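Enquirer: Structure incoming, see below.
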Amino acid sequence: MSHSKKGLSRRQFLAGLGAAGLTAAGVGLASQWGNLSLQAAPGDAKDPRFLIVLSAAGGASIVDSFLAVRESESQRSSTLNTFPDQQVQTFGEFRAVDTKMSDIGPIPAGFQANQSDFVKKYKDDMMVATVTGSSVTHQVGQRRSITGNEAWLGRTMQECVALQYGEGYTLPNVLLATGTSFIENGTDRSLPPHCLGELVANPAVWPLSLDGSKGVTSIDRELIQQMRVLRNDQLDAKSRFLQAFGNSPALQRWRSVRGTPQRALENQDLISKLMLYPDSERFPLKQYGLQPTPEVQKQVQRVREVFPNFEKDPFEAQAALGFLLLKFRLSVTVTIGPRFDLVTHGDGNLLDKLRGGGALPEGSIVNTPIAFDFSHNANRATQALMWHRLLKVADGLITLLKGEEYGGGQSFWDRSMIYFATDFGRSKKRPANASDFGTGHHLNNGVVILSPLANGGRVLGGVDPNTALTYGFNPQTGEPDKGAHMTEAHIYAGVLQALGVDTSGSGLPDMRAMRKA
């Protein structure tokens, strides 16, 4: 570390970011760049499509949202998870529930949650497909939601998109939803290294890991490159460690990053392009040579306006970075989602008020302590609050993607898909006429897909109002089939095929009904 500059060292700068409520950066970059060259332009894959996996950890229930059942429609309404008729609105084939509650189970914090505005706005690009999963264990269910229950050689859908479209991209597959199994790599070892996911623990400070010298030292970059060549080609080759472990696949992957790919990465100045923080007295980026260009500053400012709480809300920070990765054509797929942490908006005394037994201001809780799984304590409130949270972030992403021209008269949104991945559904019963109640894990559910590439405006399958259980559909026509139940493999195949991924030879079912006509 250089001490030639006054003010904060970069180590102190990172510590300052941590004091702002942000933990240490995720510095992986382990094996993803084997396909880069110094001459290759980022994002030069032919006709790419972009996948955003928006994870809903804990069990996002489709009958608490877009397939909600009205009480008047069910013969067992008092003991099933049905809603008063006036709370459910219909938009085309979709339902939407708007809710106002005074608490979230034992948490005395009121809130308002709105689904109808979102459905009304995006119904033409929205598709709901029913599914019956195969596990009610969080980690297993989450993994199966992205692998289709190991449907295609154990590949994740993110890896499939990276394989189809990610060659030439700097970081094709970026995984930000830490603390969940939605970000696990698959088990197909034959995939090229660039398909594997890059883990990002902290989106706000992770860009600082994308350059080995900028902001750290004033030594000439070409001299640093000469030192790296000396290290890589001469010193390492003579080390006892390399002589003993040089054939290790993990070490070979790591060494492959340290040459041309590392230099290509640094030449793109990603440390500046992806930095969410503005230059300020508290975070003196310019002082350390980290000031982005005016064009980049303008773009990042726009992102901060859409996600203004990124400094204290990890989900918004993930979404902000995810958009920048797509916009700058660095990635073809990003995975984001709320974690199991309690997230509050408002003053710093909220938890003290809660411990003291006082009520919290309305809207101060934005993420329940264990996300959707807090439905064990309060299903109605948790589902309403967490769905509202997901839809708000999805709305921000779509707004940004629609406002960004891809080329040929298309926006980025015209080529993108948001897949709401979740581990399982929730149980369908409630105590007689209870306004809120706890639920357990349940295999039966449905998923939401948003994309101009999907069969928008459709509910594929349906729900039985007398059981609140969903049923399946014909994979070719989309017609409801009360005797069918769709599996994780059906959804997995439908997502990939709608994105134009070549699934020939995979053995996956043809999900014509999920693709745009």
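Lettering and numbering for the structure tokens are positional, with chains as A, B, ... in the shown order, residues counted from 1 in each chain, and ligands counted from 1 in the shown order.
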Write down as a list in words the residues belonging to range 302-367 of chain A that are assigned helix (DSSP H, G or I) by DSSP computed on the backbone.

Expert: Arg302, Val303, Arg304, Glu305, Val306, Pro314, Phe315, Glu316, Ala317, Gln318, Ala319, Ala320, Leu321, Gly322, Phe323, Leu324, Leu325, Leu326, Lys327, Leu350, Leu351, Asp352, Lys353, Leu354 and Arg355 of chain A

Enquirer: Let me see the file: selected residues, N, CA and C atoms, as a PDB file, in the first residue's frame.

Expert:
ATOM      1  N   ARG A 302     -28.158   7.979 -12.322  1.00  0.00           N
ATOM      2  CA  ARG A 302     -29.508   7.519 -12.683  1.00  0.00           C
ATOM      3  C   ARG A 302     -29.875   6.256 -11.906  1.00  0.00           C
ATOM      4  N   VAL A 303     -28.921   5.348 -11.766  1.00  0.00           N
ATOM      5  CA  VAL A 303     -29.172   4.113 -11.025  1.00  0.00           C
ATOM      6  C   VAL A 303     -29.425   4.414  -9.552  1.00  0.00           C
ATOM      7  N   ARG A 304     -28.658   5.343  -9.002  1.00  0.00           N
ATOM      8  CA  ARG A 304     -28.846   5.685  -7.588  1.00  0.00           C
ATOM      9  C   ARG A 304     -30.201   6.342  -7.352  1.00  0.00           C
ATOM     10  N   GLU A 305     -30.709   7.043  -8.348  1.00  0.00           N
ATOM     11  CA  GLU A 305     -32.028   7.671  -8.195  1.00  0.00           C
ATOM     12  C   GLU A 305     -33.137   6.617  -8.173  1.00  0.00           C
ATOM     13  N   VAL A 306     -32.964   5.546  -8.931  1.00  0.00           N
ATOM     14  CA  VAL A 306     -33.956   4.473  -8.943  1.00  0.00           C
ATOM     15  C   VAL A 306     -33.852   3.625  -7.681  1.00  0.00           C
ATOM     16  N   PRO A 314     -29.184  -4.059   1.191  1.00  0.00           N
ATOM     17  CA  PRO A 314     -28.373  -4.926   0.316  1.00  0.00           C
ATOM     18  C   PRO A 314     -29.078  -5.321  -0.967  1.00  0.00           C
ATOM     19  N   PHE A 315     -30.390  -5.476  -0.934  1.00  0.00           N
ATOM     20  CA  PHE A 315     -31.136  -5.872  -2.125  1.00  0.00           C
ATOM     21  C   PHE A 315     -31.074  -4.773  -3.188  1.00  0.00           C
ATOM     22  N   GLU A 316     -31.257  -3.540  -2.789  1.00  0.00           N
ATOM     23  CA  GLU A 316     -31.163  -2.437  -3.742  1.00  0.00           C
ATOM     24  C   GLU A 316     -29.743  -2.310  -4.288  1.00  0.00           C
ATOM     25  N   ALA A 317     -28.754  -2.557  -3.438  1.00  0.00           N
ATOM     26  CA  ALA A 317     -27.369  -2.506  -3.907  1.00  0.00           C
ATOM     27  C   ALA A 317     -27.117  -3.590  -4.949  1.00  0.00           C
ATOM     28  N   GLN A 318     -27.659  -4.785  -4.727  1.00  0.00           N
ATOM     29  CA  GLN A 318     -27.525  -5.859  -5.708  1.00  0.00           C
ATOM     30  C   GLN A 318     -28.172  -5.463  -7.035  1.00  0.00           C
ATOM     31  N   ALA A 319     -29.369  -4.927  -6.956  1.00  0.00           N
ATOM     32  CA  ALA A 319     -30.085  -4.543  -8.170  1.00  0.00           C
ATOM     33  C   ALA A 319     -29.334  -3.451  -8.932  1.00  0.00           C
ATOM     34  N   ALA A 320     -28.808  -2.480  -8.211  1.00  0.00           N
ATOM     35  CA  ALA A 320     -28.079  -1.388  -8.846  1.00  0.00           C
ATOM     36  C   ALA A 320     -26.855  -1.911  -9.587  1.00  0.00           C
ATOM     37  N   LEU A 321     -26.061  -2.752  -8.911  1.00  0.00           N
ATOM     38  CA  LEU A 321     -24.876  -3.308  -9.557  1.00  0.00           C
ATOM     39  C   LEU A 321     -25.270  -4.243 -10.690  1.00  0.00           C
ATOM     40  N   GLY A 322     -26.328  -5.037 -10.481  1.00  0.00           N
ATOM     41  CA  GLY A 322     -26.770  -5.949 -11.524  1.00  0.00           C
ATOM     42  C   GLY A 322     -27.113  -5.230 -12.809  1.00  0.00           C
ATOM     43  N   PHE A 323     -27.821  -4.111 -12.690  1.00  0.00           N
ATOM     44  CA  PHE A 323     -28.150  -3.342 -13.889  1.00  0.00           C
ATOM     45  C   PHE A 323     -26.894  -2.835 -14.578  1.00  0.00           C
ATOM     46  N   LEU A 324     -25.944  -2.293 -13.817  1.00  0.00           N
ATOM     47  CA  LEU A 324     -24.723  -1.762 -14.425  1.00  0.00           C
ATOM     48  C   LEU A 324     -23.948  -2.855 -15.149  1.00  0.00           C
ATOM     49  N   LEU A 325     -23.939  -4.057 -14.595  1.00  0.00           N
ATOM     50  CA  LEU A 325     -23.250  -5.168 -15.251  1.00  0.00           C
ATOM     51  C   LEU A 325     -23.881  -5.494 -16.601  1.00  0.00           C
ATOM     52  N   LEU A 326     -25.195  -5.420 -16.678  1.00  0.00           N
ATOM     53  CA  LEU A 326     -25.875  -5.664 -17.948  1.00  0.00           C
ATOM     54  C   LEU A 326     -25.700  -4.487 -18.898  1.00  0.00           C
ATOM     55  N   LYS A 327     -25.889  -3.276 -18.368  1.00  0.00           N
ATOM     56  CA  LYS A 327     -25.834  -2.076 -19.205  1.00  0.00           C
ATOM     57  C   LYS A 327     -24.465  -1.916 -19.875  1.00  0.00           C
ATOM     58  N   LEU A 350     -34.659   2.278  15.622  1.00  0.00           N
ATOM     59  CA  LEU A 350     -35.824   1.422  15.460  1.00  0.00           C
ATOM     60  C   LEU A 350     -35.748   0.169  16.314  1.00  0.00           C
ATOM     61  N   LEU A 351     -34.593  -0.461  16.328  1.00  0.00           N
ATOM     62  CA  LEU A 351     -34.477  -1.695  17.107  1.00  0.00           C
ATOM     63  C   LEU A 351     -34.589  -1.415  18.600  1.00  0.00           C
ATOM     64  N   ASP A 352     -34.082  -0.269  19.032  1.00  0.00           N
ATOM     65  CA  ASP A 352     -34.235   0.103  20.447  1.00  0.00           C
ATOM     66  C   ASP A 352     -35.710   0.283  20.790  1.00  0.00           C
ATOM     67  N   LYS A 353     -36.443   0.902  19.875  1.00  0.00           N
ATOM     68  CA  LYS A 353     -37.881   1.060  20.099  1.00  0.00           C
ATOM     69  C   LYS A 353     -38.569  -0.290  20.163  1.00  0.00           C
ATOM     70  N   LEU A 354     -38.144  -1.203  19.296  1.00  0.00           N
ATOM     71  CA  LEU A 354     -38.750  -2.528  19.269  1.00  0.00           C
ATOM     72  C   LEU A 354     -38.454  -3.276  20.563  1.00  0.00           C
ATOM     73  N   ARG A 355     -37.222  -3.183  21.031  1.00  0.00           N
ATOM     74  CA  ARG A 355     -36.868  -3.852  22.285  1.00  0.00           C
ATOM     75  C   ARG A 355     -37.620  -3.245  23.464  1.00  0.00           C
TER      76      ARG A 355
END

Enquirer: As JSON, numbers by chain, please: every residue in range 322-366 of chain A that a backbone DSSP assignment puts in strand (DSSP E or B).

Expert: {"A": [333, 334, 335, 336, 343, 344, 360, 365, 366]}

Enquirer: Take the residues from that selection and put them in a file with C-alpha atoms, as a short mmCIF file (atom, residue, chain, number, x, y, z; two decimals), in the first residue's frame.

Expert:
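The new file result-v9.cif reads:
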data_model
loop_
_atom_site.label_atom_id
_atom_site.label_comp_id
_atom_site.auth_asym_id
_atom_site.auth_seq_id
_atom_site.Cartn_x
_atom_site.Cartn_y
_atom_site.Cartn_z
CA THR A 333 -26.99 -13.06 -16.29
CA VAL A 334 -27.14 -11.71 -12.73
CA THR A 335 -28.75 -13.28 -9.68
CA ILE A 336 -30.10 -11.02 -6.96
CA VAL A 343 -33.78 -4.62 6.89
CA THR A 344 -35.23 -1.36 8.17
CA LEU A 360 -42.48 1.22 14.92
CA ILE A 365 -39.63 -2.73 8.14
CA VAL A 366 -38.88 -3.58 4.51
#

Enquirer: Under the rule that only C-alpha atoms are counted, which of A:Asp211, A:Asp124, A:Glu222, A:Asp502 is the nearest residue to Cys160 in chain A?

Expert: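 Comparing A:Asp211, A:Asp124, A:Glu222, A:Asp502 against Cys160 in chain A, the winner is A:Asp502.
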
Enquirer: Which one of A:Leu251, A:Ala244, A:Leu191, A:Ile271 sits closest to Lys214 in chain A if you count only C-alpha atoms?

Expert: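 Result for the nearest residue to Lys214 in chain A: A:Ile271.
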
Enquirer: Give me the residues within 9 Å of Phe118 in chain A as a JSON list (two decimals) with N, CA and C atoms, in the first residue's frame, counting only C-alpha atoms and dropping any in the same chain fewer than 2 places off.

Expert:
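Final output, around_21.json:
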[["chain", "number", "residue", "atom", "x", "y", "z"],
["A", 96, "ALA", "N", -54.37, -9.67, -8.14],
["A", 96, "ALA", "CA", -53.45, -8.82, -7.37],
["A", 96, "ALA", "C", -54.11, -8.50, -6.04],
["A", 114, "ASN", "N", -48.73, -3.10, -2.17],
["A", 114, "ASN", "CA", -49.55, -2.97, -3.37],
["A", 114, "ASN", "C", -49.01, -3.88, -4.47],
["A", 115, "GLN", "N", -49.87, -4.75, -4.98],
["A", 115, "GLN", "CA", -49.52, -5.58, -6.13],
["A", 115, "GLN", "C", -50.21, -5.10, -7.41],
["A", 116, "SER", "N", -51.36, -4.45, -7.26],
["A", 116, "SER", "CA", -52.18, -4.14, -8.42],
["A", 116, "SER", "C", -51.50, -3.15, -9.36],
["A", 120, "LYS", "N", -50.92, -4.16, -13.26],
["A", 120, "LYS", "CA", -51.54, -3.30, -14.27],
["A", 120, "LYS", "C", -50.49, -2.77, -15.24],
["A", 121, "LYS", "N", -49.31, -2.47, -14.73],
["A", 121, "LYS", "CA", -48.25, -1.88, -15.53],
["A", 121, "LYS", "C", -47.56, -2.90, -16.43],
["A", 122, "TYR", "N", -47.39, -4.13, -15.93],
["A", 122, "TYR", "CA", -46.55, -5.09, -16.65],
["A", 122, "TYR", "C", -47.27, -6.37, -17.07],
["A", 123, "LYS", "N", -48.57, -6.38, -17.03],
["A", 123, "LYS", "CA", -49.31, -7.62, -17.29],
["A", 123, "LYS", "C", -49.02, -8.20, -18.68],
["A", 391, "LEU", "N", -41.47, -6.77, -6.08],
["A", 391, "LEU", "CA", -42.04, -6.06, -7.22],
["A", 391, "LEU", "C", -41.49, -4.65, -7.35],
["A", 392, "LYS", "N", -41.20, -4.03, -6.24],
["A", 392, "LYS", "CA", -40.63, -2.67, -6.29],
["A", 392, "LYS", "C", -39.26, -2.69, -6.95],
["A", 395, "ASP", "N", -39.64, -3.49, -10.67],
["A", 395, "ASP", "CA", -40.10, -2.30, -11.37],
["A", 395, "ASP", "C", -38.92, -1.37, -11.66]]

Enquirer: Of the candidates A:Leu276, A:Val501, A:Met101, A:Val88, which shows the shortest atom-to-atom distance to Glu71 in chain A, using only C-alpha atoms?

Expert: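 Checking each of A:Leu276, A:Val501, A:Met101, A:Val88 against Glu71 in chain A, counting only C-alpha atoms, the winner is A:Val88.
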
Enquirer: Give me, as a short mmCIF file (atom, residue, chain, number, x, y, z; two decimals) with N, CA and C atoms, in the first residue's frame, all polymer residues having an atom no more than 12 Å from Met126 in chain A, counting only C-alpha atoms and skipping those fewer than 6 positions away in the same chain.

Expert:
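Output file part_31.cif follows:
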data_model
loop_
_atom_site.label_atom_id
_atom_site.label_comp_id
_atom_site.auth_asym_id
_atom_site.auth_seq_id
_atom_site.Cartn_x
_atom_site.Cartn_y
_atom_site.Cartn_z
N PHE A 66 -50.55 -13.63 -7.41
CA PHE A 66 -51.16 -13.53 -8.74
C PHE A 66 -52.18 -14.62 -9.04
N PHE A 91 -56.75 -8.43 -13.31
CA PHE A 91 -56.22 -7.74 -14.49
C PHE A 91 -55.94 -8.81 -15.53
N GLY A 92 -56.82 -8.93 -16.49
CA GLY A 92 -56.67 -10.00 -17.47
C GLY A 92 -56.79 -11.35 -16.77
N GLU A 93 -55.77 -12.17 -16.90
CA GLU A 93 -55.78 -13.50 -16.28
C GLU A 93 -55.16 -13.50 -14.89
N PHE A 94 -54.67 -12.34 -14.43
CA PHE A 94 -53.95 -12.27 -13.16
C PHE A 94 -54.81 -11.69 -12.04
N ARG A 95 -54.46 -12.06 -10.84
CA ARG A 95 -55.01 -11.45 -9.63
C ARG A 95 -53.94 -10.57 -8.98
N PHE A 118 -48.36 -2.85 -10.03
CA PHE A 118 -47.34 -3.57 -10.79
C PHE A 118 -47.99 -4.43 -11.88
N VAL A 119 -49.02 -5.18 -11.52
CA VAL A 119 -49.66 -6.06 -12.48
C VAL A 119 -50.28 -5.25 -13.62
N LYS A 120 -50.92 -4.16 -13.26
CA LYS A 120 -51.54 -3.30 -14.27
C LYS A 120 -50.49 -2.77 -15.24
N LEU A 391 -41.47 -6.77 -6.08
CA LEU A 391 -42.04 -6.06 -7.22
C LEU A 391 -41.49 -4.65 -7.35
N ALA A 394 -38.12 -5.11 -8.97
CA ALA A 394 -38.32 -5.51 -10.37
C ALA A 394 -38.76 -4.31 -11.20
N MET A 417 -35.09 -11.05 -19.37
CA MET A 417 -36.09 -11.80 -18.64
C MET A 417 -35.78 -11.72 -17.14
N ILE A 418 -36.83 -11.54 -16.34
CA ILE A 418 -36.73 -11.67 -14.89
C ILE A 418 -37.48 -12.93 -14.49
N TYR A 419 -36.77 -13.85 -13.89
CA TYR A 419 -37.35 -15.10 -13.39
C TYR A 419 -37.37 -15.04 -11.86
N PHE A 420 -38.56 -15.08 -11.28
CA PHE A 420 -38.71 -15.07 -9.83
C PHE A 420 -38.54 -16.51 -9.33
N VAL A 447 -44.67 -20.03 -10.41
CA VAL A 447 -43.57 -19.07 -10.57
C VAL A 447 -44.03 -17.91 -11.44
N VAL A 448 -43.31 -16.81 -11.35
CA VAL A 448 -43.59 -15.60 -12.12
C VAL A 448 -42.41 -15.34 -13.05
N ILE A 449 -42.71 -15.03 -14.29
CA ILE A 449 -41.70 -14.68 -15.29
C ILE A 449 -42.13 -13.38 -15.95
N LEU A 450 -41.22 -12.46 -16.04
CA LEU A 450 -41.46 -11.17 -16.69
C LEU A 450 -40.51 -11.02 -17.86
N SER A 451 -41.05 -10.87 -19.06
CA SER A 451 -40.18 -10.70 -20.21
C SER A 451 -40.98 -10.48 -21.48
N PRO A 452 -40.50 -9.61 -22.36
CA PRO A 452 -41.10 -9.52 -23.69
C PRO A 452 -40.86 -10.78 -24.51
N LEU A 453 -39.96 -11.66 -24.05
CA LEU A 453 -39.63 -12.89 -24.78
C LEU A 453 -40.55 -14.05 -24.39
N ALA A 454 -41.29 -13.89 -23.28
CA ALA A 454 -42.15 -14.95 -22.77
C ALA A 454 -43.57 -14.80 -23.29
N ASN A 455 -44.38 -15.80 -23.03
CA ASN A 455 -45.79 -15.80 -23.45
C ASN A 455 -46.57 -14.93 -22.48
N GLY A 456 -46.44 -13.63 -22.64
CA GLY A 456 -46.98 -12.67 -21.69
C GLY A 456 -48.49 -12.61 -21.67
N GLY A 457 -49.01 -12.11 -20.54
CA GLY A 457 -50.43 -11.98 -20.36
C GLY A 457 -51.14 -13.29 -20.08
N ARG A 458 -50.39 -14.34 -19.72
CA ARG A 458 -50.97 -15.66 -19.56
C ARG A 458 -50.72 -16.24 -18.17
N VAL A 459 -51.73 -16.96 -17.68
CA VAL A 459 -51.57 -17.88 -16.56
C VAL A 459 -51.59 -19.27 -17.16
N LEU A 460 -50.50 -19.99 -17.01
CA LEU A 460 -50.40 -21.36 -17.49
C LEU A 460 -50.71 -22.29 -16.33
N MET A 514 -44.59 -21.63 -23.11
CA MET A 514 -43.94 -20.58 -22.34
C MET A 514 -43.20 -19.58 -23.22
N ARG A 515 -43.14 -19.85 -24.52
CA ARG A 515 -42.42 -18.96 -25.42
C ARG A 515 -43.38 -18.01 -26.12
N LYS A 516 -42.88 -16.86 -26.46
CA LYS A 516 -43.70 -15.87 -27.16
C LYS A 516 -44.06 -16.41 -28.54
#

Enquirer: Which residue is closest to Thr293 in chain A? Choose from A:Ala151, A:Leu270, A:Leu176, A:Ala237 and count only C-alpha atoms.

Expert: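 The answer is A:Leu270, which sits nearest to Thr293 in chain A.
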
Enquirer: Choose the residue, out of A:Ser504, A:Ala381, A:Asp47, A:Ile62, that has the smallest atom-to-atom separation from Leu469 in chain A; count only C-alpha atoms.

Expert: A:Ile62

Enquirer: Need to verify the contact set: Lys100 in chain A, 7 Å, only C-alpha atoms, exclusion of same-chain residues closer than 6 positions in sequence. Can you return it as a PyMOL selection string?

Expert: chain A and resi 111-113

Enquirer: Provide the CA of Asp279 in chain A to CA of Gly337 in chain A distance in Å, to one decimal place.

Expert: 27.3 Å

Enquirer: With distances taken over only C-alpha atoms, which of A:Gly110, A:Gly440, A:Pro48, A:Gly462 is nearest to Ala384 in chain A?

Expert: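 Among the listed residues, A:Gly110 lies closest to Ala384 in chain A.
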